[in-house]
Number of protein chains: 2
Amino acid sequence: MQGDTVAWDFVSELTTRIGPRPAGSAAELAAAEWAARRLKALGFENVHIESFPMTAWVRGAEQAQITAPAVQPLTAASLGGAPPTAPGGVEGEVALFANLDDLKAAAPGSLNGKIAMIAFHMPRTQDGAGYGYAGAGRRSGPVEAAKRGAIGFVIRSVGTGGHRLAHTGATAYADGRVPIPAFAISEPDGDQIERLVALGEKVRVRLTSSATYVPDSRSHNIIGEIRGSTRPNEVIVLGAHMDSWDLGTGAIDDGAGAAIVTAAARLAREAPRKPQRTLRVVLYGSEEISQPTETLLGGRFYAQSRKADLGMHVLAGESDFGADRVYSVALPKGVAESAFGQSLMRVLIPIGVVPSSKPPGDGGADVEPLERAGVPVFLLSQDGSKYFDYHHTADDTLDKIDPKTLSQNVAAWAALVWLAADSAVDFRAPAGGTMPATH
Amino acid sequence: MQGDTVAWDFVSELTTRIGPRPAGSAAELAAAEWAARRLKALGFENVHIESFPMTAWVRGAEQAQITAPAVQPLTAASLGGAPPTAPGGVEGEVALFANLDDLKAAAPGSLNGKIAMIAFHMPRTQDGAGYGYAGAGRRSGPVEAAKRGAIGFVIRSVGTGGHRLAHTGATAYADGRVPIPAFAISEPDGDQIERLVALGEKVRVRLTSSATYVPDSRSHNIIGEIRGSTRPNEVIVLGAHMDSWDLGTGAIDDGAGAAIVTAAARLAREAPRKPQRTLRVVLYGSEEISQPTETLLGGRFYAQSRKADLGMHVLAGESDFGADRVYSVALPKGVAESAFGQSLMRVLIPIGVVPSSKPPGDGGADVEPLERAGVPVFLLSQDGSKYFDYHHTADDTLDKIDPKTLSQNVAAWAALVWLAADSAVDFRAPAGGTMPATH
């Protein structure tokens with residue numbers, strides 16, 4: 001199995017030449033144009049960019065500090081989508097909660113004039129389960145805190161790295177807006193505030209942000225295909241996203257995924273026999289940012305604009321969990337037991353990928369709209385033990401990617417998509433029946 | 001051996017209640033007053049603060065970015081002592097050098113209008129040897145770059161962590177000033193610029209700093225003693241420093257050292273028999289910052305103000321290399337072979353401390369002035385393999401200290417200083433002879 005150079009060069013050049021590429025920004029457009037050129041150069045067909053309107057959120061100048069009992073700087077970052085503060089910032093006493101549930105248990109009005117803080121310590125997990133619970137605090141915290149009177153919200157970063165780096169991320173809107181300024185502080189900063197409170201101190205913090213919204217922005221999905229030889233209208237979607245948070249250079253999230261699916265599809269093209277079905281690489285825009293409307297992310301735009309055609313989407317998957325090794329594969333119900341599933345495992349097991357004990361479940365944010373529309377999905381689960389050390393921080397940079405595990409991802413993806421594309425399996429049929437010839 | 005609580009509580013409260021304490025700042029004074037109170041509460045005698053004048057350097061607002069070929073933010077921090085830029089910053093093409101020697105080989109005028117960058121990758125070493133060579137680039141780089149016409153200086157951080165955190169540190173003055181603005185950028189940012197250059201791009205950067213100098217500042221040494229029972233005029237100095245860089249909270253550099261020497265001296269006081277000689281804890285101010293005059297750091301002030309008394313300083317040591325475990329001990333020449341040395345090793349070897357194959361050499365920045373004045377020094381070498389992951393960054397926080405290895409440090413220090421203080425060994429005598437009784 002090869003593909004090292006294609007994937008590594010993709011993620012290395014993308015993150016080096018362009019760097020951060022927030023949804024709706026000029027850098028995201030530059031990345032889209034770069035990717036389209038790269039797909040063409042790699043021999044993809046029907047390469048094009050599909051743009052869609054969105055409201056961009058742009059980080060401004062930010063500052064955070066403890067103001068009492070003694071002045072100390074905090075390492076902080078506004079959550080994505082959160083409003084700016086007044087120019088002098090927002091200041092208040094910290095009301096500390098161990099987790100979102102404790103915040104939700106606070107009485108109405110009990111946080112009047114205060115800055116609510118969730119101090120949850122996210123556990124390290126291989127499958128990312130920690131992100132589910134901890135991430136809910138980031139998403140729902142500002143709305144729940146505002147309901148109870150809080151004037152600002154702070155969360156101990158949803159992460160596991162333990163460095164002075166804040167983990168940003170989108171937070172939820174209610175009634176069309178994020179109600180109060182909302183920040184992530186680094187894990188050591190969260191610990192510092194917890195210790196001060198434990199020492200009996202009343203802790204005050206001041207938060208400043210000049211974030212802005214840019215309503216008339218555009219984001220972009222980049223599409224390229226390896227056309228199938230005999231069933232070209234039957235499409236397998238290989239997804240990843242091209243936008244990134246602004247703090248890092250979007251290497252593990254999700255330059256790596258874009259590189260993996262591109263290199264895997266390219267490998268299928270280089271194989272001695274071109275597969276029967278079409279492999280469609282979709283590099284989504286605007287995966288990271290929630291919007292007031294929550295309708296026009298790249299994944300949703302793709303699914304909505306292809307409603308009539310979704311019946312010909314025979315399978316879809318997404319790579320959006322870094323570049324660490326794939327350890328299991330989850331296939332649509334019944335497929336693992338089919339002849340296709342058995343052939344696949346003969347290729348995957350030698351490279352360390354075992355059958356998952358669970359169904360694919362949530363295939364990822366970009367593939368979810370397809371899944372909800374009935375498109376069968378697969379999931380190649382990556383080891384996420386270290387993913388949240390870097391996720392959504394300035395530390396999401398190329399050096400965090402191991403070329404060896406990146407290459408193993410390409411191999412697993414290439415095996416799966418080539419076998420699926422060179423088959424007539426109907427992944428919608430419980431027993432993995434075949435589809436009639438369409439071409 | 002106990003002492004865990006004293007050392008941990010010291011460094012935990014110091015770094016939590018006060019946080020960063022740059023030399024000459026109000027926070028450094030608050031830390032000095034806090035430490036004096038703590039030493040008194042722990043039963044130290046003759047506790048007092050000795051203040052001395054200095055010029056403080058205060059970090060301002062900072063910003064750094066790549067401006068070409070595409071705009072990208074850089075994680076950067078001004079080096080300590082470096083001048084501010086003009087308000088709009090300084091911008092120029094990067095002239096990249098692999099190390100300080102290559103920069104020194106550049107022709108006069110060859111860097112006119114450019115920003116010189118040293119991209120040296122500091123190796124990870126246990127004994128800190130990497131810091132010697134790499135640190136020279138930080139100290140001498142700005143002066144050497146300015147000599148050749150550079151308008152600014154950048155160094156890939158002198159560190160081994162690989163995170164998006166800049167490692168600051170003092171840089172050298174020439175003719176009373178640092179000649180040009182000088183910054184450290186994080187290691188991943190250094191790699192990014194190296195990759196852009198390797199891709200054939202001309203890279204331009206813009207650096208902005210509003211740093212200021214405060215000439216009429218004061219720094220402070222804090223002193224406390226466990227008076228000797230029979231030879232109280234014979235003094236053993238246990239040194240560490242209380243000032244810290246402004247980015248972190250000075251946990252490993254050097255709250256840990258202050259905690260270790262304080263707890264070790266306290267243990268000697270709690271021993272069944274009070275030792276014969278005096279243990280003097282000296283918590284120095286202004287260790288980190290070089291000044292134009294380079295005369296009034298805490299260690300120099302201490303030695304200069306005790307010129308007449310240095311003959312009664314029988315031994316001195318310093319803890320200033322984090323909180324990882326002690327692995328070897330270096331004693332003054334001839335002492336290891338003496339009865340004292342043999343007794344000492346019977347205590348140290350079981351806790352994992354072996355005799356050093358080298359003489360103490362550089363005992364540390366604060367103890368060096370004593371050493372140069374002829375005071376015998378010892379060195380308890382700590383494992384510095386991870387020290388430069390955090391050194392001089394925002395990441396120098398309490399969570400980087402392992403209470404178990406902190407405790408092993410206290411044990412090693414307590415054993416050494418108690419045995420030395422309860423002896424009459426003349427550490428100036430090559431064969432470890434004894435001193436006449438002085439009291």
# chains A, B, ... in the order shown; residues from 1 in each chain; ligands from 1

call {"tool": "closest_atom_pairs", "arguments": {"of": "chain A", "to": "chain B", "cutoff": "6 Å", "atoms": "only C-alpha atoms", "output": "JSON lines"}}
result
{"residue": "A:His163", "atom": "CA", "partner": "B:Asp395", "partner_atom": "CA", "distance": 5.8}
{"residue": "A:Arg164", "atom": "CA", "partner": "B:Asp395", "partner_atom": "CA", "distance": 5.2}
{"residue": "A:Ala394", "atom": "CA", "partner": "B:Arg164", "partner_atom": "CA", "distance": 6.0}
{"residue": "A:Asp395", "atom": "CA", "partner": "B:Arg164", "partner_atom": "CA", "distance": 5.2}

call {"tool": "residues_around", "arguments": {"residues": "A:Phe378", "least_positions_apart": "5", "cutoff": "7 Å", "atoms": "only C-alpha atoms", "output": "ChimeraX atom specification"}}
result
/A:316-317,330-332,360,363

call {"tool": "write_last_selection", "arguments": {"atoms": "N, CA, C and O atoms", "output": "PDB file, in the first residue's frame"}}
result
ATOM      1  N   ALA A 316     -21.453   6.186   2.141  1.00  0.00           N
ATOM      2  CA  ALA A 316     -20.744   7.430   2.469  1.00  0.00           C
ATOM      3  C   ALA A 316     -19.958   7.248   3.757  1.00  0.00           C
ATOM      4  O   ALA A 316     -20.364   6.514   4.659  1.00  0.00           O
ATOM      5  N   GLY A 317     -18.829   7.931   3.808  1.00  0.00           N
ATOM      6  CA  GLY A 317     -18.027   7.928   5.030  1.00  0.00           C
ATOM      7  C   GLY A 317     -17.270   9.235   5.130  1.00  0.00           C
ATOM      8  O   GLY A 317     -17.192  10.002   4.162  1.00  0.00           O
ATOM      9  N   ALA A 330     -16.844   0.016  11.199  1.00  0.00           N
ATOM     10  CA  ALA A 330     -18.271  -0.282  11.378  1.00  0.00           C
ATOM     11  C   ALA A 330     -18.947  -0.135  10.025  1.00  0.00           C
ATOM     12  O   ALA A 330     -18.754   0.864   9.329  1.00  0.00           O
ATOM     13  N   LEU A 331     -19.719  -1.154   9.660  1.00  0.00           N
ATOM     14  CA  LEU A 331     -20.367  -1.181   8.349  1.00  0.00           C
ATOM     15  C   LEU A 331     -21.875  -1.148   8.528  1.00  0.00           C
ATOM     16  O   LEU A 331     -22.388  -1.433   9.618  1.00  0.00           O
ATOM     17  N   PRO A 332     -22.610  -0.784   7.478  1.00  0.00           N
ATOM     18  CA  PRO A 332     -24.080  -0.808   7.586  1.00  0.00           C
ATOM     19  C   PRO A 332     -24.560  -2.201   8.018  1.00  0.00           C
ATOM     20  O   PRO A 332     -23.898  -3.207   7.743  1.00  0.00           O
ATOM     21  N   PRO A 360     -22.329   1.827  12.758  1.00  0.00           N
ATOM     22  CA  PRO A 360     -21.644   3.090  12.482  1.00  0.00           C
ATOM     23  C   PRO A 360     -22.140   4.246  13.341  1.00  0.00           C
ATOM     24  O   PRO A 360     -21.373   5.113  13.713  1.00  0.00           O
ATOM     25  N   GLY A 363     -21.979   9.014  11.858  1.00  0.00           N
ATOM     26  CA  GLY A 363     -20.857   8.907  10.932  1.00  0.00           C
ATOM     27  C   GLY A 363     -20.006  10.158  10.867  1.00  0.00           C
ATOM     28  O   GLY A 363     -18.977  10.170  10.228  1.00  0.00           O
TER      29      GLY A 363
END

call {"tool": "select_by_dssp", "arguments": {"residues": "stretch 52-222 of chain A", "states": "alpha helix (DSSP H)", "output": "ChimeraX atom specification"}}
result
/A:100-104,129-147,187-198

call {"tool": "residues_around", "arguments": {"residues": "A:Glu270", "least_positions_apart": "3", "cutoff": "12 Å", "atoms": "only C-alpha atoms", "output": "count of residues only"}}
result
17

call {"tool": "closest_residue", "arguments": {"among": "A:Leu111, A:Leu315, A:Ala7, A:Ala61", "to": "A:Thr405", "atoms": "only C-alpha atoms"}}
result
A:Ala7

call {"tool": "closest_residue", "arguments": {"among": "A:Ser357, A:Ser78, A:Ser423, A:Gln304", "to": "A:Leu370", "atoms": "only C-alpha atoms"}}
result
A:Gln304

call {"tool": "residues_around", "arguments": {"residues": "A:Met54", "least_positions_apart": "4", "cutoff": "9 Å", "atoms": "only C-alpha atoms", "output": "MDAnalysis selection string"}}
result
chainID A and resid 23:24 214:219 286 291 296:297

call {"tool": "write_last_selection", "arguments": {"atoms": "all heavy atoms", "output": "PDB file, in the first residue's frame"}}
result
ATOM      1  N   ALA A  23     -14.185  29.212   8.408  1.00  0.00           N
ATOM      2  CA  ALA A  23     -15.334  29.184   7.503  1.00  0.00           C
ATOM      3  C   ALA A  23     -15.723  30.593   7.090  1.00  0.00           C
ATOM      4  O   ALA A  23     -15.889  31.474   7.926  1.00  0.00           O
ATOM      5  CB  ALA A  23     -16.510  28.486   8.181  1.00  0.00           C
ATOM      6  N   GLY A  24     -15.839  30.798   5.800  1.00  0.00           N
ATOM      7  CA  GLY A  24     -16.273  32.086   5.283  1.00  0.00           C
ATOM      8  C   GLY A  24     -15.154  33.072   5.019  1.00  0.00           C
ATOM      9  O   GLY A  24     -15.396  34.158   4.492  1.00  0.00           O
ATOM     10  N   VAL A 214     -19.972  38.391  10.077  1.00  0.00           N
ATOM     11  CA  VAL A 214     -19.967  38.888   8.690  1.00  0.00           C
ATOM     12  C   VAL A 214     -21.038  38.123   7.918  1.00  0.00           C
ATOM     13  O   VAL A 214     -20.804  37.019   7.412  1.00  0.00           O
ATOM     14  CB  VAL A 214     -18.581  38.699   8.029  1.00  0.00           C
ATOM     15  CG1 VAL A 214     -18.560  39.349   6.649  1.00  0.00           C
ATOM     16  CG2 VAL A 214     -17.477  39.270   8.903  1.00  0.00           C
ATOM     17  N   PRO A 215     -22.252  38.715   7.836  1.00  0.00           N
ATOM     18  CA  PRO A 215     -23.406  37.974   7.314  1.00  0.00           C
ATOM     19  C   PRO A 215     -23.292  37.572   5.848  1.00  0.00           C
ATOM     20  O   PRO A 215     -23.808  36.531   5.462  1.00  0.00           O
ATOM     21  CB  PRO A 215     -24.573  38.941   7.506  1.00  0.00           C
ATOM     22  CG  PRO A 215     -24.073  39.970   8.486  1.00  0.00           C
ATOM     23  CD  PRO A 215     -22.591  40.051   8.277  1.00  0.00           C
ATOM     24  N   ASP A 216     -22.655  38.368   5.027  1.00  0.00           N
ATOM     25  CA  ASP A 216     -22.701  38.070   3.587  1.00  0.00           C
ATOM     26  C   ASP A 216     -21.470  37.306   3.125  1.00  0.00           C
ATOM     27  O   ASP A 216     -20.869  37.619   2.093  1.00  0.00           O
ATOM     28  CB  ASP A 216     -22.883  39.363   2.788  1.00  0.00           C
ATOM     29  CG  ASP A 216     -24.228  40.005   3.096  1.00  0.00           C
ATOM     30  OD1 ASP A 216     -25.215  39.239   3.172  1.00  0.00           O
ATOM     31  OD2 ASP A 216     -24.277  41.225   3.294  1.00  0.00           O
ATOM     32  N   SER A 217     -21.103  36.299   3.878  1.00  0.00           N
ATOM     33  CA  SER A 217     -19.929  35.499   3.528  1.00  0.00           C
ATOM     34  C   SER A 217     -20.347  34.291   2.705  1.00  0.00           C
ATOM     35  O   SER A 217     -21.529  33.988   2.567  1.00  0.00           O
ATOM     36  CB  SER A 217     -19.221  35.042   4.810  1.00  0.00           C
ATOM     37  OG  SER A 217     -18.878  36.170   5.595  1.00  0.00           O
ATOM     38  N   ARG A 218     -19.338  33.603   2.170  1.00  0.00           N
ATOM     39  CA  ARG A 218     -19.602  32.376   1.425  1.00  0.00           C
ATOM     40  C   ARG A 218     -18.607  31.303   1.849  1.00  0.00           C
ATOM     41  O   ARG A 218     -17.446  31.589   2.155  1.00  0.00           O
ATOM     42  CB  ARG A 218     -19.480  32.623  -0.090  1.00  0.00           C
ATOM     43  CG  ARG A 218     -20.552  33.559  -0.632  1.00  0.00           C
ATOM     44  CD  ARG A 218     -20.509  33.690  -2.150  1.00  0.00           C
ATOM     45  NE  ARG A 218     -21.064  32.537  -2.859  1.00  0.00           N
ATOM     46  CZ  ARG A 218     -22.373  32.268  -2.936  1.00  0.00           C
ATOM     47  NH1 ARG A 218     -23.256  33.040  -2.344  1.00  0.00           N
ATOM     48  NH2 ARG A 218     -22.782  31.216  -3.611  1.00  0.00           N
ATOM     49  N   SER A 219     -19.080  30.088   1.876  1.00  0.00           N
ATOM     50  CA  SER A 219     -18.204  28.947   2.101  1.00  0.00           C
ATOM     51  C   SER A 219     -18.297  28.032   0.885  1.00  0.00           C
ATOM     52  O   SER A 219     -19.092  28.295  -0.026  1.00  0.00           O
ATOM     53  CB  SER A 219     -18.582  28.224   3.392  1.00  0.00           C
ATOM     54  OG  SER A 219     -17.682  27.157   3.638  1.00  0.00           O
ATOM     55  N   SER A 286     -17.166  24.996   5.969  1.00  0.00           N
ATOM     56  CA  SER A 286     -18.004  25.399   7.103  1.00  0.00           C
ATOM     57  C   SER A 286     -18.526  24.229   7.923  1.00  0.00           C
ATOM     58  O   SER A 286     -19.711  24.134   8.196  1.00  0.00           O
ATOM     59  CB  SER A 286     -19.181  26.251   6.596  1.00  0.00           C
ATOM     60  OG  SER A 286     -19.811  26.870   7.690  1.00  0.00           O
ATOM     61  N   GLN A 291     -24.303  28.220  12.995  1.00  0.00           N
ATOM     62  CA  GLN A 291     -24.840  29.508  12.598  1.00  0.00           C
ATOM     63  C   GLN A 291     -26.199  29.689  13.228  1.00  0.00           C
ATOM     64  O   GLN A 291     -26.833  28.721  13.636  1.00  0.00           O
ATOM     65  CB  GLN A 291     -25.016  29.555  11.093  1.00  0.00           C
ATOM     66  CG  GLN A 291     -23.732  29.587  10.336  1.00  0.00           C
ATOM     67  CD  GLN A 291     -24.016  29.973   8.905  1.00  0.00           C
ATOM     68  OE1 GLN A 291     -24.055  31.136   8.558  1.00  0.00           O
ATOM     69  NE2 GLN A 291     -24.267  28.973   8.092  1.00  0.00           N
ATOM     70  N   LEU A 296     -26.947  25.834   6.843  1.00  0.00           N
ATOM     71  CA  LEU A 296     -26.139  25.866   5.642  1.00  0.00           C
ATOM     72  C   LEU A 296     -24.686  25.434   5.816  1.00  0.00           C
ATOM     73  O   LEU A 296     -23.801  25.959   5.178  1.00  0.00           O
ATOM     74  CB  LEU A 296     -26.212  27.242   4.990  1.00  0.00           C
ATOM     75  CG  LEU A 296     -27.486  27.443   4.167  1.00  0.00           C
ATOM     76  CD1 LEU A 296     -27.530  28.812   3.552  1.00  0.00           C
ATOM     77  CD2 LEU A 296     -27.599  26.377   3.080  1.00  0.00           C
ATOM     78  N   LEU A 297     -24.424  24.506   6.705  1.00  0.00           N
ATOM     79  CA  LEU A 297     -23.080  23.942   6.750  1.00  0.00           C
ATOM     80  C   LEU A 297     -22.836  23.168   5.461  1.00  0.00           C
ATOM     81  O   LEU A 297     -23.780  22.788   4.750  1.00  0.00           O
ATOM     82  CB  LEU A 297     -22.947  23.026   7.957  1.00  0.00           C
ATOM     83  CG  LEU A 297     -23.402  23.647   9.282  1.00  0.00           C
ATOM     84  CD1 LEU A 297     -23.049  22.743  10.433  1.00  0.00           C
ATOM     85  CD2 LEU A 297     -22.802  25.030   9.459  1.00  0.00           C
TER      86      LEU A 297
END

call {"tool": "decode", "arguments": {"residues": "stretch 415-432 of chain A", "atoms": "C-alpha atoms", "output": "PDB file, in the first residue's frame"}}
result
ATOM      1  CA  ALA A 415      -9.163  -0.872   0.696  1.00  0.00           C
ATOM      2  CA  LEU A 416     -12.704  -0.145   1.818  1.00  0.00           C
ATOM      3  CA  VAL A 417     -13.691   2.261  -0.934  1.00  0.00           C
ATOM      4  CA  TRP A 418     -12.068   0.279  -3.726  1.00  0.00           C
ATOM      5  CA  LEU A 419     -13.805  -2.938  -2.697  1.00  0.00           C
ATOM      6  CA  ALA A 420     -17.133  -1.125  -2.260  1.00  0.00           C
ATOM      7  CA  ALA A 421     -16.777   0.662  -5.592  1.00  0.00           C
ATOM      8  CA  ASP A 422     -15.801  -2.453  -7.442  1.00  0.00           C
ATOM      9  CA  SER A 423     -18.849  -4.342  -6.161  1.00  0.00           C
ATOM     10  CA  ALA A 424     -22.560  -4.259  -6.858  1.00  0.00           C
ATOM     11  CA  VAL A 425     -23.486  -4.623  -3.196  1.00  0.00           C
ATOM     12  CA  ASP A 426     -26.666  -2.843  -2.136  1.00  0.00           C
ATOM     13  CA  PHE A 427     -25.663  -1.448   1.262  1.00  0.00           C
ATOM     14  CA  ARG A 428     -29.297  -0.538   1.928  1.00  0.00           C
ATOM     15  CA  ALA A 429     -30.276  -4.223   1.827  1.00  0.00           C
ATOM     16  CA  PRO A 430     -29.906  -5.855   5.246  1.00  0.00           C
ATOM     17  CA  ALA A 431     -28.117  -8.925   3.910  1.00  0.00           C
ATOM     18  CA  GLY A 432     -25.899  -7.000   1.530  1.00  0.00           C
TER      19      GLY A 432
END
